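See structure below.
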Protein chains: 2
Amino acid sequence: MHRRVSRQIDFENDTVVRVVAAAKQLFAEFGHENVSLRRLTECADVNVAAVNYHFGSKQGLTEAVFEQLAEEATTIRKTRLAAWAAMDIEPREKLEELISIFLEPYLGEGRDVEGRLLSRFFLQHRLKPTDGTNQIIETFHNPIALDFVQALSELRPRLNRDELIWRYIFMVNTVILTCAEDTSFKRITVLSGGEVTKTGRFERRTELLKFLVSAFWD
Amino acid sequence: MHRRVSRQIDFENDTVVRVVAAAKQLFAEFGHENVSLRRLTECADVNVAAVNYHFGSKQGLTEAVFEQLAEEATTIRKTRLAAWAAMDIEPREKLEELISIFLEPYLGEGRDVEGRLLSRFFLQHRLKPTDGTNQIIETFHNPIALDFVQALSELRPRLNRDELIWRYIFMVNTVILTCAEDTSFKRITVLSGGEVTKTGRFERRTELLKFLVSAFWD
DNA sequence: TCATGTTTCCATCATTCGTTTGATTTGAGT
DNA sequence: ACTCAAATCAAACGAATGATGGAAACATGA
């Protein structure tokens, strides 16, 4: 089932590359709905019509970007999951490792832009699903989601499958909202009276990991 | 500090009432960014100009709606928190009760529209904060957030304050995204192979509660 | 050099949106 | 009945957006 979701696009073409690069940056920062084609093409130093020419429509561009991203994420996870299955360590540590793998595409080293973009894509899909986003989810994300649920059920046999699916969804929700924005972390500083000031990728990853391990450990 | 955030609005006026009612329904279902004033006023059976006349702008309307909602949520929680403090039950049960109070404005009985609306408001604030939303957060939500963190720190003295603030934020993120949309719950049915079909308010509340209690129990 | 297909560019279109204008209606006070 | 301010209405404005059509520029191979 490796059928391509989107139309054929010449990713060798300079214009296409620059458009995609600009789209990643801008979509990640502002959300794809808040970026007009004019602003995007200006930022990419490309004519306005280029997007419609190469991608058919703005929708076509966003789906191309998000599909590329989904593919990356799947690759990262599949690779690490294979190694994970062979690990012979104590259960709690293995759970932590598993969740760490889940977090990787969002909070891994050097995935600042891509991580935010990926979570924004999910957020958009959640709030306004389209045929395009549905297809990306089904093709790339559902299979690996089942892999995770399966792995979890082997680690935590006490929790039945329904329960694990629920919790998996909650985990996804926690992570994608946490990675899609910065606002709530400014709030951490406020709520702590200015004590907590380090709220970057590394701290988020650490704290999120503790939170989620607890949530599954029971 | 009971200063009103928004301008004075005649909530006795029929037109105002109908506009607010329509806004609640439509904003909850589609998100306030996806509802045009024309559609809204048509639904409320009111002239297009009514919104600008009574609320100053579309932004004014949304802030009025959200402020009203925030006030409700605060009242609900303050009342139940007072009763909670006096409860003499075992810690884990008390934790469960505390989180249940947190969930109340989102998933309480008869809060389907309001719960979704409230979570959508937060979501909007997270993705695109404005002066208006900041003020609502500061006035209504920050104080009670501190109450929750304080209550949590009494229940779980092992976790230090920073840690609790982080986890509180994660809880908020989980809940608001879980309550803001339906899409992820259709996905539960898909992932479970059609086994799990009941994903309504009651089930969400039950499962979310278990998840969050685990996450804080450690 | 020429022919052909591809890519880029400019100008413009149609639509949608929030907002404003200015005339008209409503209703309470005298 | 008259006044006047508040409320409502139809109509239109200006800005922004995604999308196009067709001319121009470019590249490629004969």
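FYI, nothing fancy with the structure tokens labels: chains A, B, ... in order, residues from 1 per chain, ligands from 1 as they appear.
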Requested in this report: List every residue of range 39-171 of chain B that DSSP, applied to the backbone of this structure, places in helix (DSSP H, G or I), and write the result as a VMD selection string.
Outcome: chain B and resid 39 to 43 49 to 55 58 to 85 91 to 107 112 to 127 131 to 155 161 to 171
Query raised in the report: Could you pull the residues within 12 Å of DA28 in chain C, counting only C-alpha atoms (C1' of nucleotides), minus those fewer than 2 positions along the same chain, as JSON, numbers by chain?
Result: {"C": [26, 30], "D": [3, 4, 5, 6]}
DC9 in chain C surroundings by only C-alpha atoms (C1' of nucleotides), 9 Å radius, close-in-sequence under 2 positions cut, as a tab-separated table (two decimals) with N, CA and C atoms (P, O5', C5', C4', C3', O3' and C1' of nucleotides), in the first residue's frame:
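Everything below was put into part-v1.tsv:
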chain	number	residue	atom	x	y	z
A	47	ASN	N	7.16	33.75	-8.31
A	47	ASN	CA	5.91	34.38	-8.76
A	47	ASN	C	4.69	33.77	-8.10
A	48	VAL	N	3.64	34.61	-7.95
A	48	VAL	CA	2.44	34.15	-7.26
A	48	VAL	C	1.82	32.93	-7.93
A	49	ALA	N	1.89	32.93	-9.26
A	49	ALA	CA	1.19	31.87	-9.99
A	49	ALA	C	1.90	30.52	-9.90
D	23	DA	P	-1.94	35.97	-26.06
D	23	DA	O5'	-0.64	36.87	-25.93
D	23	DA	C5'	-0.68	38.11	-25.22
D	23	DA	C4'	0.59	38.28	-24.40
D	23	DA	C3'	1.88	38.10	-25.23
D	23	DA	O3'	2.77	39.16	-24.94
D	23	DA	C1'	1.93	36.67	-23.34
D	24	DA	P	4.08	39.37	-25.84
D	24	DA	O5'	5.24	38.81	-24.90
D	24	DA	C5'	5.45	39.42	-23.63
D	24	DA	C4'	6.41	38.57	-22.83
D	24	DA	C3'	7.74	38.29	-23.53
D	24	DA	O3'	8.80	38.73	-22.68
D	24	DA	C1'	6.79	36.28	-22.66
D	25	DA	P	10.32	38.72	-23.19
D	25	DA	O5'	10.89	37.45	-22.43
D	25	DA	C5'	10.84	37.40	-21.01
D	25	DA	C4'	11.30	36.03	-20.53
D	25	DA	C3'	12.68	35.61	-21.07
D	25	DA	O3'	13.50	35.25	-19.98
D	25	DA	C1'	11.07	33.90	-21.44
Find the nearest atom pair between each residue of chain B and chain C for residues within 8 Å, count only C-alpha atoms (C1' of nucleotides), give distances in Å to one decimal, sort rows by chain and ascending number, and present the table as a Markdown table.
| residue | atom | partner | partner_atom | distance |
| --- | --- | --- | --- | --- |
| B:Ser36 | CA | C:DC17 | C1' | 7.4 |
| B:Leu37 | CA | C:DG18 | C1' | 7.8 |
| B:Asn52 | CA | C:DT19 | C1' | 7.7 |
| B:Lys58 | CA | C:DG18 | C1' | 7.6 |
Can you list, as a PDB file with C-alpha atoms, in the first residue's frame, every protein, DNA or RNA residue that comes within 10 Å of Glu71 in chain B when you count only C-alpha atoms (C1' of nucleotides), leaving out same-chain residues fewer than 6 positions away?
ATOM      1  CA  ILE B 136      -9.733  36.837  29.844  1.00  0.00           C
ATOM      2  CA  THR B 139      -8.729  37.607  34.868  1.00  0.00           C
ATOM      3  CA  PHE B 140     -10.586  34.320  35.027  1.00  0.00           C
ATOM      4  CA  HIS B 141      -8.348  31.369  34.426  1.00  0.00           C
TER       5      HIS B 141
END
List as a tab-separated table every residue of chain D that is in contact with chain B, defined as an atom at most 9 Å from one of its atoms (using only C-alpha atoms (C1' of nucleotides)), together with the nearest atom pair and the distance in Å rounded to one decimal, sorted by chain and then rising number.
residue	atom	partner	partner_atom	distance
D:DA7	C1'	B:Ala50	CA	8.9
D:DT8	C1'	B:Asn47	CA	7.3
D:DC9	C1'	B:Asn47	CA	6.8
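With only C-alpha atoms as the atoms that count, the residue of B:Trp166, B:Pro143, B:Leu107, B:Arg187 with the shortest distance to Glu203 in chain B is B:Leu107.
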Up to 6 Å from chain A, what residues of chain B turn up? Count only C-alpha atoms and give them as a PDB file with N, CA and C atoms, in the first residue's frame.
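Now in selection.pdb:
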ATOM      1  N   ARG B 126      -4.452  29.766  22.201  1.00  0.00           N
ATOM      2  CA  ARG B 126      -3.158  29.128  22.088  1.00  0.00           C
ATOM      3  C   ARG B 126      -2.520  29.373  20.727  1.00  0.00           C
ATOM      4  N   ASN B 173      -3.855  20.920  28.164  1.00  0.00           N
ATOM      5  CA  ASN B 173      -3.722  20.649  26.739  1.00  0.00           C
ATOM      6  C   ASN B 173      -4.498  19.409  26.323  1.00  0.00           C
ATOM      7  N   THR B 174      -4.354  18.362  27.095  1.00  0.00           N
ATOM      8  CA  THR B 174      -5.080  17.139  26.784  1.00  0.00           C
ATOM      9  C   THR B 174      -6.574  17.384  26.729  1.00  0.00           C
ATOM     10  N   THR B 183     -13.171  14.516  15.716  1.00  0.00           N
ATOM     11  CA  THR B 183     -12.476  13.705  14.728  1.00  0.00           C
ATOM     12  C   THR B 183     -11.695  12.555  15.348  1.00  0.00           C
ATOM     13  N   PHE B 211      -7.086   8.386  32.782  1.00  0.00           N
ATOM     14  CA  PHE B 211      -5.795   8.780  32.200  1.00  0.00           C
ATOM     15  C   PHE B 211      -5.096   9.837  33.058  1.00  0.00           C
ATOM     16  N   SER B 214      -3.925   8.722  36.602  1.00  0.00           N
ATOM     17  CA  SER B 214      -2.673   7.982  36.473  1.00  0.00           C
ATOM     18  C   SER B 214      -1.495   8.933  36.269  1.00  0.00           C
ATOM     19  N   ALA B 215      -1.708   9.915  35.417  1.00  0.00           N
ATOM     20  CA  ALA B 215      -0.616  10.821  35.079  1.00  0.00           C
ATOM     21  C   ALA B 215      -0.118  11.610  36.291  1.00  0.00           C
ATOM     22  N   ASP B 218       1.565   8.887  39.542  1.00  0.00           N
ATOM     23  CA  ASP B 218       2.970   8.512  39.393  1.00  0.00           C
ATOM     24  C   ASP B 218       3.281   7.157  40.004  1.00  0.00           C
TER      25      ASP B 218
END
Report summary line: Among B:Leu81, B:Val16, B:Ala70, B:Ala21, Phe55 in chain B is approached most closely, using only C-alpha atoms, by B:Val16
